[in-house]
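Enquirer: Structure supplied as final.tsv; contents: TSV, C-alpha atoms.
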```tsv
chain	number	residue	atom	x	y	z
A	831	MET	CA	-18.15	-158.28	-5.42
A	832	LEU	CA	-20.86	-160.60	-6.75
A	833	LEU	CA	-19.04	-162.09	-9.77
A	834	LEU	CA	-15.93	-162.80	-7.73
A	835	GLU	CA	-18.00	-164.40	-4.98
A	836	LEU	CA	-19.81	-166.54	-7.57
A	837	PHE	CA	-16.52	-167.60	-9.17
A	838	TRP	CA	-14.97	-168.53	-5.81
A	839	SER	CA	-18.05	-170.52	-4.79
A	840	PHE	CA	-17.86	-172.63	-7.94
A	841	VAL	CA	-14.08	-173.03	-7.65
A	842	LYS	CA	-14.69	-174.56	-4.20
A	843	ILE	CA	-17.50	-176.72	-5.58
A	844	GLY	CA	-15.34	-177.80	-8.53
A	845	PHE	CA	-12.32	-178.82	-6.47
A	846	THR	CA	-14.27	-180.83	-3.92
A	847	SER	CA	-16.70	-182.61	-6.24
A	848	PHE	CA	-16.07	-185.83	-8.05
A	849	GLY	CA	-18.58	-185.89	-10.87
A	850	GLY	CA	-22.34	-185.92	-11.20
A	851	LEU	CA	-24.46	-186.22	-8.10
A	852	SER	CA	-21.65	-185.75	-5.60
A	853	MET	CA	-21.88	-182.07	-6.60
A	854	ILE	CA	-25.43	-181.63	-5.32
A	855	PRO	CA	-24.69	-181.33	-1.57
A	856	LEU	CA	-21.96	-178.78	-2.34
A	857	ILE	CA	-24.07	-176.77	-4.76
A	858	SER	CA	-27.08	-176.85	-2.46
A	859	ALA	CA	-25.09	-175.63	0.57
A	860	GLU	CA	-23.32	-172.83	-1.35
A	861	MET	CA	-26.43	-171.62	-3.19
A	862	ILE	CA	-28.71	-171.58	-0.15
A	863	SER	CA	-26.18	-169.96	2.19
A	864	HIS	CA	-25.57	-167.13	-0.32
A	865	GLY	CA	-29.30	-166.73	-0.97
A	866	TRP	CA	-28.83	-167.41	-4.70
A	867	MET	CA	-31.42	-170.19	-4.70
A	868	THR	CA	-34.16	-171.60	-2.45
A	869	ALA	CA	-34.37	-175.30	-1.56
A	870	SER	CA	-37.17	-175.85	-4.12
A	871	GLU	CA	-35.14	-174.11	-6.80
A	872	VAL	CA	-32.28	-176.53	-6.08
A	873	SER	CA	-34.73	-179.37	-6.84
A	874	ASP	CA	-35.82	-177.63	-10.02
A	875	ILE	CA	-32.29	-177.19	-11.28
A	876	VAL	CA	-31.44	-180.84	-10.60
A	877	ALA	CA	-34.50	-181.82	-12.67
A	878	ILE	CA	-33.69	-179.33	-15.46
A	879	ALA	CA	-30.06	-180.38	-15.54
A	880	GLU	CA	-31.07	-184.05	-15.84
A	881	MET	CA	-33.41	-183.30	-18.76
A	882	THR	CA	-30.98	-181.18	-20.79
A	883	PRO	CA	-27.63	-182.18	-22.33
A	884	GLY	CA	-24.37	-181.50	-20.51
A	885	PRO	CA	-22.93	-182.39	-17.12
A	886	LEU	CA	-25.05	-181.72	-14.05
A	887	GLY	CA	-22.44	-179.58	-12.30
A	888	LEU	CA	-21.99	-177.21	-15.25
A	889	ASN	CA	-25.73	-176.96	-15.86
A	890	CYS	CA	-26.18	-176.01	-12.20
A	891	ALA	CA	-23.40	-173.44	-12.61
A	892	THR	CA	-25.13	-171.89	-15.62
A	893	PHE	CA	-28.48	-171.78	-13.81
A	894	ALA	CA	-27.12	-170.39	-10.55
A	895	GLY	CA	-24.79	-167.91	-12.29
A	896	MET	CA	-27.56	-166.67	-14.54
A	897	ARG	CA	-29.95	-166.21	-11.59
A	898	ALA	CA	-27.35	-164.46	-9.47
A	899	ALA	CA	-25.72	-162.20	-12.08
A	900	GLY	CA	-27.10	-162.73	-15.61
A	901	LEU	CA	-25.04	-163.88	-18.61
A	902	ALA	CA	-21.68	-162.84	-17.13
A	903	GLY	CA	-22.62	-164.79	-14.00
A	904	ALA	CA	-23.37	-167.91	-16.05
A	905	PHE	CA	-20.00	-167.74	-17.78
A	906	ILE	CA	-18.04	-166.97	-14.60
A	907	ALA	CA	-19.73	-169.81	-12.68
A	908	ASN	CA	-18.86	-172.27	-15.46
A	909	MET	CA	-15.22	-171.16	-15.45
A	910	GLY	CA	-15.14	-171.63	-11.67
A	911	ALA	CA	-16.58	-175.14	-11.90
A	912	LEU	CA	-14.05	-175.96	-14.64
A	913	ALA	CA	-11.08	-174.60	-12.66
A	914	PRO	CA	-9.86	-178.09	-11.67
A	915	THR	CA	-9.94	-179.10	-15.34
A	916	PHE	CA	-7.85	-176.06	-16.36
A	917	THR	CA	-5.29	-176.62	-13.62
A	918	LEU	CA	-5.08	-180.10	-12.04
A	919	CYS	CA	-6.20	-181.94	-15.11
A	920	ALA	CA	-3.90	-180.01	-17.46
A	921	VAL	CA	-0.96	-180.93	-15.21
A	922	ALA	CA	-2.15	-184.53	-14.98
A	923	ALA	CA	-2.33	-184.69	-18.79
A	924	VAL	CA	1.40	-183.90	-18.99
A	925	PHE	CA	2.28	-186.56	-16.43
A	926	PHE	CA	-0.44	-188.93	-17.62
A	927	ASP	CA	1.51	-192.16	-17.15
A	928	HIS	CA	2.35	-191.29	-13.54
A	929	PHE	CA	-1.26	-190.57	-12.76
A	930	ARG	CA	-2.55	-193.77	-14.31
A	931	ASP	CA	-1.27	-195.92	-11.49
A	932	ASN	CA	-1.19	-193.34	-8.72
A	933	LYS	CA	-1.99	-195.09	-5.45
A	934	TYR	CA	-2.77	-191.92	-3.50
A	935	LEU	CA	-5.55	-190.99	-5.91
A	936	SER	CA	-7.33	-194.29	-5.37
A	937	ARG	CA	-6.70	-194.06	-1.61
A	938	ILE	CA	-8.28	-190.63	-1.44
A	939	MET	CA	-11.26	-191.92	-3.39
A	940	THR	CA	-11.64	-194.80	-0.91
A	941	GLY	CA	-12.63	-192.18	1.67
A	942	VAL	CA	-14.32	-189.63	-0.61
A	943	ARG	CA	-16.77	-192.15	-2.12
A	944	PRO	CA	-18.42	-193.18	1.18
A	945	ALA	CA	-18.38	-189.52	2.30
A	946	CYS	CA	-20.32	-188.64	-0.86
A	947	VAL	CA	-22.78	-191.47	-0.23
A	948	GLY	CA	-23.43	-190.06	3.26
A	949	MET	CA	-23.86	-186.48	2.02
A	950	VAL	CA	-26.04	-187.41	-0.94
A	951	ALA	CA	-28.24	-189.47	1.43
A	952	GLY	CA	-28.53	-186.29	3.52
A	953	VAL	CA	-29.62	-184.34	0.43
A	954	VAL	CA	-32.28	-186.95	-0.34
A	955	VAL	CA	-33.74	-186.49	3.17
A	956	ASP	CA	-33.59	-182.69	2.74
A	957	LEU	CA	-35.43	-182.91	-0.57
A	958	VAL	CA	-38.05	-185.31	0.79
A	959	ILE	CA	-38.83	-182.80	3.56
A	960	VAL	CA	-39.13	-179.88	1.10
A	961	ASN	CA	-40.80	-181.57	-1.88
A	962	TYR	CA	-43.55	-183.62	-0.26
A	963	ALA	CA	-44.88	-180.92	2.06
A	964	ASP	CA	-47.43	-178.18	1.45
A	965	MET	CA	-47.13	-174.51	2.49
A	966	ALA	CA	-48.07	-175.31	6.09
A	967	GLY	CA	-45.32	-177.92	6.37
A	968	LYS	CA	-47.79	-180.84	6.41
A	969	ILE	CA	-47.23	-183.82	4.13
A	970	ASN	CA	-48.93	-183.45	0.76
A	971	ILE	CA	-50.50	-186.83	-0.13
A	972	PRO	CA	-50.65	-186.48	-3.97
A	973	SER	CA	-46.97	-185.42	-4.07
A	974	ALA	CA	-45.92	-188.31	-1.83
A	975	VAL	CA	-47.88	-190.84	-3.93
A	976	LEU	CA	-46.34	-189.45	-7.12
A	977	GLY	CA	-42.88	-189.75	-5.53
A	978	VAL	CA	-43.45	-193.42	-4.69
A	979	VAL	CA	-44.67	-194.08	-8.26
A	980	ASP	CA	-41.52	-192.35	-9.63
A	981	LEU	CA	-39.30	-194.50	-7.43
A	982	ILE	CA	-41.00	-197.69	-8.65
A	983	LEU	CA	-40.69	-196.60	-12.31
A	984	LEU	CA	-36.97	-195.92	-11.81
A	985	LEU	CA	-35.93	-198.91	-9.73
A	986	LYS	CA	-38.39	-201.65	-10.74
A	987	PHE	CA	-39.10	-200.75	-14.37
A	988	LYS	CA	-35.68	-199.17	-15.07
A	989	MET	CA	-37.31	-196.24	-16.88
A	990	SER	CA	-34.83	-193.55	-18.00
A	991	ILE	CA	-34.51	-190.39	-15.89
A	992	PRO	CA	-35.69	-187.86	-18.53
A	993	LYS	CA	-38.80	-190.01	-19.18
A	994	VAL	CA	-39.66	-190.18	-15.47
A	995	LEU	CA	-39.21	-186.41	-15.15
A	996	ILE	CA	-41.44	-185.67	-18.16
A	997	LEU	CA	-44.14	-188.05	-16.87
A	998	SER	CA	-43.96	-186.33	-13.46
A	999	ALA	CA	-44.33	-182.92	-15.09
A	1000	LEU	CA	-47.47	-184.11	-16.95
A	1001	ALA	CA	-48.83	-185.66	-13.73
A	1002	GLY	CA	-48.14	-182.36	-11.96
A	1003	ILE	CA	-50.08	-180.38	-14.59
A	1004	VAL	CA	-53.05	-182.74	-14.25
A	1005	LEU	CA	-53.03	-183.13	-10.45
A	1006	PHE	CA	-52.11	-179.60	-9.32
A	1007	GLY	CA	-53.19	-177.55	-12.35
A	1008	VAL	CA	-56.33	-179.18	-13.81
A	1009	ILE	CA	-57.75	-180.90	-10.71
A	1010	GLY	CA	-56.29	-178.32	-8.36
A	1011	LEU	CA	-55.20	-180.60	-5.48
B	407	MET	CA	-6.96	-178.70	-35.82
B	408	LEU	CA	-8.28	-176.71	-32.87
B	409	ALA	CA	-11.45	-175.84	-34.82
B	410	LYS	CA	-11.95	-179.51	-35.71
B	411	LEU	CA	-11.58	-180.58	-32.07
B	412	TYR	CA	-13.95	-177.80	-31.00
B	413	MET	CA	-16.60	-178.91	-33.50
B	414	GLN	CA	-16.27	-182.61	-32.59
B	415	PHE	CA	-16.76	-181.90	-28.90
B	416	LEU	CA	-19.55	-179.47	-29.67
B	417	THR	CA	-21.41	-182.41	-31.20
B	418	PHE	CA	-20.59	-184.70	-28.26
B	419	GLY	CA	-21.70	-182.01	-25.82
B	420	ALA	CA	-25.03	-181.55	-27.55
B	421	PHE	CA	-25.93	-185.21	-26.98
B	422	THR	CA	-24.86	-185.89	-23.41
B	423	PHE	CA	-27.83	-186.48	-21.19
B	424	GLY	CA	-27.41	-187.05	-17.44
B	425	GLY	CA	-24.07	-188.54	-16.35
B	426	GLY	CA	-20.97	-188.53	-18.51
B	427	TRP	CA	-21.13	-191.99	-19.99
B	428	SER	CA	-22.79	-190.98	-23.24
B	429	ILE	CA	-19.78	-188.83	-24.18
B	430	VAL	CA	-17.49	-191.81	-23.62
B	431	ALA	CA	-19.73	-193.90	-25.88
B	432	GLN	CA	-19.64	-191.19	-28.58
B	433	MET	CA	-15.85	-190.88	-28.32
B	434	LYS	CA	-15.53	-194.65	-28.68
B	435	ALA	CA	-17.73	-194.63	-31.80
B	436	LEU	CA	-15.72	-191.85	-33.48
B	437	TYR	CA	-12.11	-192.26	-32.31
B	438	VAL	CA	-11.84	-195.96	-31.53
B	439	ASP	CA	-14.23	-197.60	-34.00
B	440	ARG	CA	-14.22	-195.20	-36.99
B	441	GLU	CA	-10.94	-193.22	-36.97
B	442	LYS	CA	-8.99	-195.89	-35.08
B	443	SER	CA	-6.87	-193.08	-33.64
B	444	LEU	CA	-7.42	-194.24	-30.06
B	445	THR	CA	-7.51	-197.71	-28.51
B	446	ASP	CA	-10.11	-199.01	-26.08
B	447	GLU	CA	-7.46	-199.16	-23.35
B	448	GLU	CA	-6.42	-195.56	-23.90
B	449	LEU	CA	-10.03	-194.40	-23.71
B	450	LEU	CA	-10.50	-196.43	-20.52
B	451	ASP	CA	-7.38	-194.81	-18.99
B	452	ILE	CA	-8.59	-191.32	-19.90
B	453	THR	CA	-12.02	-192.07	-18.46
B	454	SER	CA	-10.86	-193.56	-15.20
B	455	ILE	CA	-8.39	-190.75	-14.45
B	456	GLY	CA	-10.92	-188.12	-15.56
B	457	ARG	CA	-13.38	-189.63	-13.10
B	458	SER	CA	-11.06	-189.73	-10.15
B	459	LEU	CA	-9.80	-186.14	-10.45
B	460	PRO	CA	-11.96	-183.37	-8.97
B	461	GLY	CA	-14.34	-181.44	-11.21
B	462	THR	CA	-16.75	-182.62	-13.86
B	463	MET	CA	-15.79	-185.93	-15.40
B	464	ILE	CA	-16.71	-184.83	-18.93
B	465	GLY	CA	-14.64	-181.64	-18.69
B	466	ASN	CA	-11.65	-183.67	-17.51
B	467	ILE	CA	-12.04	-186.25	-20.27
B	468	ALA	CA	-12.28	-183.48	-22.88
B	469	MET	CA	-9.10	-181.89	-21.49
B	470	PHE	CA	-7.19	-185.21	-21.52
B	471	TYR	CA	-8.20	-186.10	-25.04
B	472	GLY	CA	-7.54	-182.61	-26.45
B	473	HIS	CA	-4.19	-182.42	-24.66
B	474	ARG	CA	-3.16	-185.73	-26.15
B	475	VAL	CA	-3.97	-184.64	-29.70
B	476	ALA	CA	-2.94	-180.97	-29.67
B	477	GLY	CA	-1.48	-179.94	-26.31
B	478	PHE	CA	-2.97	-177.59	-23.71
B	479	TRP	CA	-4.91	-175.47	-26.23
B	480	GLY	CA	-6.31	-178.64	-27.78
B	481	GLY	CA	-7.67	-179.50	-24.35
B	482	VAL	CA	-9.14	-176.03	-23.97
B	483	ALA	CA	-10.75	-176.28	-27.42
B	484	CYS	CA	-12.38	-179.63	-26.56
B	485	MET	CA	-13.58	-178.33	-23.21
B	486	PHE	CA	-15.16	-175.18	-24.64
B	487	GLY	CA	-16.68	-177.19	-27.49
B	488	MET	CA	-18.29	-179.52	-25.02
B	489	ILE	CA	-19.85	-176.82	-22.85
B	490	THR	CA	-21.13	-174.56	-25.67
B	491	VAL	CA	-24.46	-176.21	-26.51
B	492	PRO	CA	-25.45	-177.17	-22.92
B	493	MET	CA	-24.65	-173.64	-21.76
B	494	ILE	CA	-26.77	-171.98	-24.47
B	495	ILE	CA	-29.69	-174.34	-23.79
B	496	LEU	CA	-29.49	-173.74	-20.05
B	497	ILE	CA	-29.31	-169.95	-20.50
B	498	ILE	CA	-32.52	-170.07	-22.59
B	499	ILE	CA	-34.28	-172.38	-20.13
B	500	THR	CA	-33.23	-170.31	-17.13
B	501	SER	CA	-34.63	-167.17	-18.75
B	502	PHE	CA	-37.95	-168.92	-19.38
B	503	TYR	CA	-37.95	-170.44	-15.91
B	504	THR	CA	-37.40	-167.05	-14.29
B	505	ALA	CA	-40.17	-165.48	-16.41
B	506	PHE	CA	-42.75	-168.26	-16.03
B	507	GLN	CA	-41.88	-169.67	-12.59
B	508	HIS	CA	-45.15	-168.36	-11.13
B	509	ASN	CA	-47.39	-169.20	-14.08
B	510	ILE	CA	-49.95	-171.76	-12.82
B	511	TRP	CA	-49.20	-174.40	-15.51
B	512	VAL	CA	-45.44	-174.11	-15.20
B	513	ALA	CA	-45.67	-174.13	-11.40
B	514	SER	CA	-47.88	-177.26	-11.50
B	515	ALA	CA	-45.48	-179.03	-13.87
B	516	MET	CA	-42.52	-178.10	-11.63
B	517	ARG	CA	-44.37	-179.37	-8.55
B	518	GLY	CA	-44.80	-182.67	-10.35
B	519	VAL	CA	-41.16	-182.74	-11.40
B	520	ARG	CA	-39.98	-182.00	-7.85
B	521	THR	CA	-41.68	-185.17	-6.59
B	522	ALA	CA	-39.35	-187.11	-8.91
B	523	VAL	CA	-36.08	-185.47	-7.90
B	524	ALA	CA	-35.54	-187.32	-4.59
B	525	PRO	CA	-36.32	-190.70	-6.26
B	526	VAL	CA	-33.94	-189.85	-9.13
B	527	ILE	CA	-31.10	-189.04	-6.72
B	528	LEU	CA	-31.93	-192.08	-4.59
B	529	SER	CA	-31.75	-194.39	-7.62
B	530	ALA	CA	-28.37	-192.91	-8.58
B	531	LEU	CA	-27.22	-193.31	-4.97
B	532	MET	CA	-27.92	-197.05	-5.26
B	533	GLY	CA	-25.41	-197.12	-8.13
B	534	MET	CA	-22.79	-195.26	-6.06
B	535	ILE	CA	-23.13	-197.66	-3.13
B	536	LYS	CA	-21.69	-200.61	-5.07
B	537	SER	CA	-18.20	-199.12	-5.34
B	538	ALA	CA	-18.21	-197.01	-2.17
B	539	PHE	CA	-17.47	-199.52	0.58
B	540	LYS	CA	-14.06	-201.04	-0.07
B	541	PHE	CA	-13.21	-201.61	3.61
B	542	PRO	CA	-15.56	-201.94	6.65
B	543	PRO	CA	-14.63	-198.47	8.09
B	544	CYS	CA	-16.10	-196.93	4.91
B	545	TYR	CA	-19.57	-197.61	6.34
B	546	VAL	CA	-18.63	-195.57	9.42
B	547	ILE	CA	-17.36	-192.73	7.18
B	548	ALA	CA	-20.66	-192.68	5.26
B	549	LEU	CA	-22.74	-192.65	8.47
B	550	ALA	CA	-20.58	-189.98	10.13
B	551	MET	CA	-20.69	-187.72	7.05
B	552	PHE	CA	-24.47	-188.12	6.87
B	553	GLY	CA	-24.73	-186.99	10.49
B	554	LEU	CA	-22.33	-184.08	10.05
B	555	TYR	CA	-24.16	-182.96	6.92
B	556	PHE	CA	-27.74	-183.43	8.05
B	557	PHE	CA	-27.67	-182.66	11.78
B	558	MET	CA	-24.63	-180.42	12.20
B	559	ARG	CA	-24.87	-178.69	8.78
B	560	VAL	CA	-21.11	-178.81	8.29
B	561	ASN	CA	-20.14	-177.39	4.88
B	562	PRO	CA	-19.86	-180.34	2.42
B	563	ILE	CA	-16.53	-179.00	1.20
B	564	TRP	CA	-15.00	-179.91	4.59
B	565	LEU	CA	-16.71	-183.28	4.55
B	566	VAL	CA	-15.05	-184.13	1.23
B	567	VAL	CA	-11.67	-183.07	2.64
B	568	ILE	CA	-12.23	-185.15	5.81
B	569	GLY	CA	-13.29	-188.10	3.61
B	570	ALA	CA	-10.09	-187.78	1.57
B	571	VAL	CA	-7.89	-187.78	4.72
B	572	LEU	CA	-9.76	-190.72	6.23
B	573	GLY	CA	-9.35	-192.59	2.92
B	574	LEU	CA	-5.57	-192.18	3.12
B	575	ILE	CA	-5.53	-193.33	6.77
B	576	VAL	CA	-7.80	-196.34	6.25
B	577	CYS	CA	-5.86	-197.55	3.19
B	578	GLU	CA	-2.52	-197.11	5.01
B	579	TYR	CA	-3.87	-199.15	7.95
B	580	TYR	CA	-5.07	-202.01	5.75
B	581	GLU	CA	-1.84	-202.05	3.75
B	582	ARG	CA	0.32	-202.27	6.91
B	583	ARG	CA	-1.92	-204.98	8.33
B	584	SER	CA	-1.66	-207.10	5.20
B	585	LEU	CA	2.15	-206.59	5.21
B	586	ASN	CA	2.33	-207.71	8.85
B	587	ASN	CA	0.19	-210.74	8.14
B	588	ALA	CA	2.36	-211.63	5.18
B	589	SER	CA	5.57	-211.45	7.23
B	590	ALA	CA	4.14	-213.25	10.29
```
As a first step, turn the structure in this file into structure tokens.

Expert:
Amino acid sequence: MLLLELFWSFVKIGFTSFGGLSMIPLISAEMISHGWMTASEVSDIVAIAEMTPGPLGLNCATFAGMRAAGLAGAFIANMGALAPTFTLCAVAAVFFDHFRDNKYLSRIMTGVRPACVGMVAGVVVDLVIVNYADMAGKINIPSAVLGVVDLILLLKFKMSIPKVLILSALAGIVLFGVIGL
Amino acid sequence: MLAKLYMQFLTFGAFTFGGGWSIVAQMKALYVDREKSLTDEELLDITSIGRSLPGTMIGNIAMFYGHRVAGFWGGVACMFGMITVPMIILIIITSFYTAFQHNIWVASAMRGVRTAVAPVILSALMGMIKSAFKFPPCYVIALAMFGLYFFMRVNPIWLVVIGAVLGLIVCEYYERRSLNNASA
């Protein structure tokens, strides 16, 4: 059953993700393996989620749920992604003072953080392969140049993410739409 | 009370862009600076535990705060308040995206946007690196997980679980070693 499958997917994503970008490898793997999204659509949702309010993981859940099963899908996917909040976090709230200095939590994070760095680096390579190539799988020069400019704007000029994404959208309209590269 | 919490978090949720830090800033402005119903330390505690538990940080923070003020249902009210506006916006955008995905202007704009996604993630990755390598073996964990993800296509869910177990082992090792050194 589709809704149940969607819910379970996001429960898994929710319980193994620790905020923001660490969700992307999990979402990407689940969405692509179920055929709910293509690799380019994963890029699109990351961009859309960064430009709109709300946490990335939940925005991805809404997008994926909606695409897979309409409004009910969007709601179910959000509830799945929030499952750790309903359960673990509600329990932690009761025993808040115990959790504050819990050594196992910080020990687990000592291993999970570098694991996330490795996986997210893998996602970056995946996205580079998909987003800078044309239909034939050859590198697309205008896209690659635009990517380098974006990186410089972000790292060197510290431009905010929504601004960089809007500028890239405008550049895309001019380069690929008007000029037709 | 529940309605008030719901409305407050509805406002917070409408103005959180990328990452969860803007909600923390808004909570500080309202609860710490204006209402003085929460101290800076308490907000910091809520934030740091919310971050280190699985799931979305903002959802966890909303649950902690709501629970503190009005129990479990307070937490639920805050959480639903926070997701309402983003969910409605995303539902509208997704409908448009699905309808106009193949329109030439939308497709061109999305092609442009896609070129920025890898740089955006890369720049955020730079921020993650600072706190990720507490002990030298952490570098090995990162490299191994990259390989397992990229070359072997192991499901990331397992990689997170493996990372968690390795974290426990590595920390145990370093703690015993420092105990031994202290007693020697």

Enquirer: Report, in Å with one decimal, the straight-line distance from CA of Ala513 in chain B to CA of Ala879 in chain A.

Expert: 17.3 Å

Enquirer: How many Å separate CA of Tyr555 in chain B from CA of Met853 in chain A?

Expert: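 CA of Met853 in chain A lies 13.7 Å from CA of Tyr555 in chain B.
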
Enquirer: Leaving out Glu871 in chain A and any residue of its chain fewer than 2 positions from it, which residues lie within 12 Å of it when counting only C-alpha atoms, given as a count of residues only?

Expert: 33

Enquirer: In terms of the shortest atom-to-atom distance over only C-alpha atoms, which of B:Pro525, B:Gly472, B:Gly477, B:Pro460 is closest to Gly977 in chain A?

Expert: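 Answer, going by the shortest atom-to-atom distance: B:Pro525.
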
Enquirer: Find the residues near range 532-541 of chain B: any atom within 12 Å, counting all atoms listed in the file, skip ones fewer than 4 places away on the same chain, and give them as JSON, numbers by chain.

Expert: {"A": [848, 849, 850, 851, 852, 936, 937, 938, 939, 940, 941, 942, 943, 944, 945, 946, 947, 948, 949, 950, 951, 981, 984, 985], "B": [425, 525, 526, 527, 528, 545, 546, 547, 548, 549, 569, 572, 573, 575, 576, 577, 578, 579, 580, 581]}

Enquirer: Keeping only C-alpha atoms, write those residues as a PDB file, in the frame of the given file.

Expert:
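So result-v4.pdb came out as:
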```pdb
ATOM      1  CA  PHE A 848     -16.070-185.830  -8.050  1.00  0.00           C
ATOM      2  CA  GLY A 849     -18.580-185.890 -10.870  1.00  0.00           C
ATOM      3  CA  GLY A 850     -22.340-185.920 -11.200  1.00  0.00           C
ATOM      4  CA  LEU A 851     -24.460-186.220  -8.100  1.00  0.00           C
ATOM      5  CA  SER A 852     -21.650-185.750  -5.600  1.00  0.00           C
ATOM      6  CA  SER A 936      -7.330-194.290  -5.370  1.00  0.00           C
ATOM      7  CA  ARG A 937      -6.700-194.060  -1.610  1.00  0.00           C
ATOM      8  CA  ILE A 938      -8.280-190.630  -1.440  1.00  0.00           C
ATOM      9  CA  MET A 939     -11.260-191.920  -3.390  1.00  0.00           C
ATOM     10  CA  THR A 940     -11.640-194.800  -0.910  1.00  0.00           C
ATOM     11  CA  GLY A 941     -12.630-192.180   1.670  1.00  0.00           C
ATOM     12  CA  VAL A 942     -14.320-189.630  -0.610  1.00  0.00           C
ATOM     13  CA  ARG A 943     -16.770-192.150  -2.120  1.00  0.00           C
ATOM     14  CA  PRO A 944     -18.420-193.180   1.180  1.00  0.00           C
ATOM     15  CA  ALA A 945     -18.380-189.520   2.300  1.00  0.00           C
ATOM     16  CA  CYS A 946     -20.320-188.640  -0.860  1.00  0.00           C
ATOM     17  CA  VAL A 947     -22.780-191.470  -0.230  1.00  0.00           C
ATOM     18  CA  GLY A 948     -23.430-190.060   3.260  1.00  0.00           C
ATOM     19  CA  MET A 949     -23.860-186.480   2.020  1.00  0.00           C
ATOM     20  CA  VAL A 950     -26.040-187.410  -0.940  1.00  0.00           C
ATOM     21  CA  ALA A 951     -28.240-189.470   1.430  1.00  0.00           C
ATOM     22  CA  LEU A 981     -39.300-194.500  -7.430  1.00  0.00           C
ATOM     23  CA  LEU A 984     -36.970-195.920 -11.810  1.00  0.00           C
ATOM     24  CA  LEU A 985     -35.930-198.910  -9.730  1.00  0.00           C
TER      25      LEU A 985
ATOM     26  CA  GLY B 425     -24.070-188.540 -16.350  1.00  0.00           C
ATOM     27  CA  PRO B 525     -36.320-190.700  -6.260  1.00  0.00           C
ATOM     28  CA  VAL B 526     -33.940-189.850  -9.130  1.00  0.00           C
ATOM     29  CA  ILE B 527     -31.100-189.040  -6.720  1.00  0.00           C
ATOM     30  CA  LEU B 528     -31.930-192.080  -4.590  1.00  0.00           C
ATOM     31  CA  TYR B 545     -19.570-197.610   6.340  1.00  0.00           C
ATOM     32  CA  VAL B 546     -18.630-195.570   9.420  1.00  0.00           C
ATOM     33  CA  ILE B 547     -17.360-192.730   7.180  1.00  0.00           C
ATOM     34  CA  ALA B 548     -20.660-192.680   5.260  1.00  0.00           C
ATOM     35  CA  LEU B 549     -22.740-192.650   8.470  1.00  0.00           C
ATOM     36  CA  GLY B 569     -13.290-188.100   3.610  1.00  0.00           C
ATOM     37  CA  LEU B 572      -9.760-190.720   6.230  1.00  0.00           C
ATOM     38  CA  GLY B 573      -9.350-192.590   2.920  1.00  0.00           C
ATOM     39  CA  ILE B 575      -5.530-193.330   6.770  1.00  0.00           C
ATOM     40  CA  VAL B 576      -7.800-196.340   6.250  1.00  0.00           C
ATOM     41  CA  CYS B 577      -5.860-197.550   3.190  1.00  0.00           C
ATOM     42  CA  GLU B 578      -2.520-197.110   5.010  1.00  0.00           C
ATOM     43  CA  TYR B 579      -3.870-199.150   7.950  1.00  0.00           C
ATOM     44  CA  TYR B 580      -5.070-202.010   5.750  1.00  0.00           C
ATOM     45  CA  GLU B 581      -1.840-202.050   3.750  1.00  0.00           C
TER      46      GLU B 581
END
```

Enquirer: Quick one: residues within 10 Å of Ile510 in chain B, all atoms listed in the file, excluding same-chain residues fewer than 2 positions away - as a list in words?

Expert: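 My reading of the contact set: Ile1003, Phe1006, Gly1007 and Val1008 of chain A; Phe506, Gln507, His508, Val512, Ala513, Ser514, Ala515 and Met516 of chain B.
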
Enquirer: Please report, as a Markdown table, each residue of range 464-560 of chain B lying at most 10 Å from range 903-914 of chain A, together with the nearest pair of atoms and the separation in Å rounded to one decimal; use all atoms listed in the file, and order rows by chain and ascending residue number.

Expert:
```
| residue | atom | partner | partner_atom | distance |
| --- | --- | --- | --- | --- |
| B:Gly465 | CA | A:Leu912 | CA | 7.0 |
| B:Asn466 | CA | A:Pro914 | CA | 8.3 |
| B:Met485 | CA | A:Leu912 | CA | 8.9 |
| B:Ile489 | CA | A:Asn908 | CA | 8.7 |
| B:Met493 | CA | A:Ala904 | CA | 8.2 |
| B:Ile494 | CA | A:Ala904 | CA | 10.0 |
| B:Leu496 | CA | A:Ala904 | CA | 9.4 |
| B:Ile497 | CA | A:Ala904 | CA | 7.7 |
```

Enquirer: With all atoms listed in the file as the atoms that count, which of B:Ile455, B:Met558, B:Val475, B:Ala505 lies nearest to chain A?

Expert: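 Smallest separation from chain A among the options: B:Ile455.
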
Enquirer: Ranking B:Leu408, B:Ala420, B:Met433, B:Leu450 by minimum distance to chain A and counting all atoms listed in the file, which one comes first?

Expert: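 For chain A, the nearest of the candidates is B:Ala420.
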
Enquirer: Quick one: distance from CA of Phe415 in chain B to CA of Ala476 in chain B in Å, one decimal?

Expert: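 For CA of Phe415 in chain B relative to CA of Ala476 in chain B, the distance reads 13.9 Å.
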
Enquirer: Find the spatial neighbours of Leu1011 in chain A, counting only C-alpha atoms, within a cut-off of 10 Å - ignore same-chain residues fewer than 2 positions away - and output them as number ranges by chain.

Expert: A: 970-973, 1002, 1004-1009

Enquirer: Could you pull the residues within 9 Å of Ala483 in chain B, counting only C-alpha atoms, minus those fewer than 6 positions along the same chain, as JSON, numbers by chain?

Expert: {"B": [408, 409, 410, 411, 412, 413, 415, 468, 469, 472]}

Enquirer: Would you please work out which residue, of B:Ala522, B:Thr417, B:His473, B:Trp564, is nearest to Pro992 in chain A when using only C-alpha atoms?

Expert: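 With only C-alpha atoms as the atom set, the closest residue is B:Ala522.
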
Enquirer: For Phe926 in chain A, which residue out of B:Arg559, B:Arg474, B:Lys434, B:Lys442 is the nearest one, using only C-alpha atoms?

Expert: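 For Phe926 in chain A, the nearest of the given residues is B:Arg474.
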
Enquirer: Which of these, B:Thr445, B:Val438, B:Phe418, B:Gln432, has the shortest distance to chain A once you count all atoms listed in the file?

Expert: B:Phe418
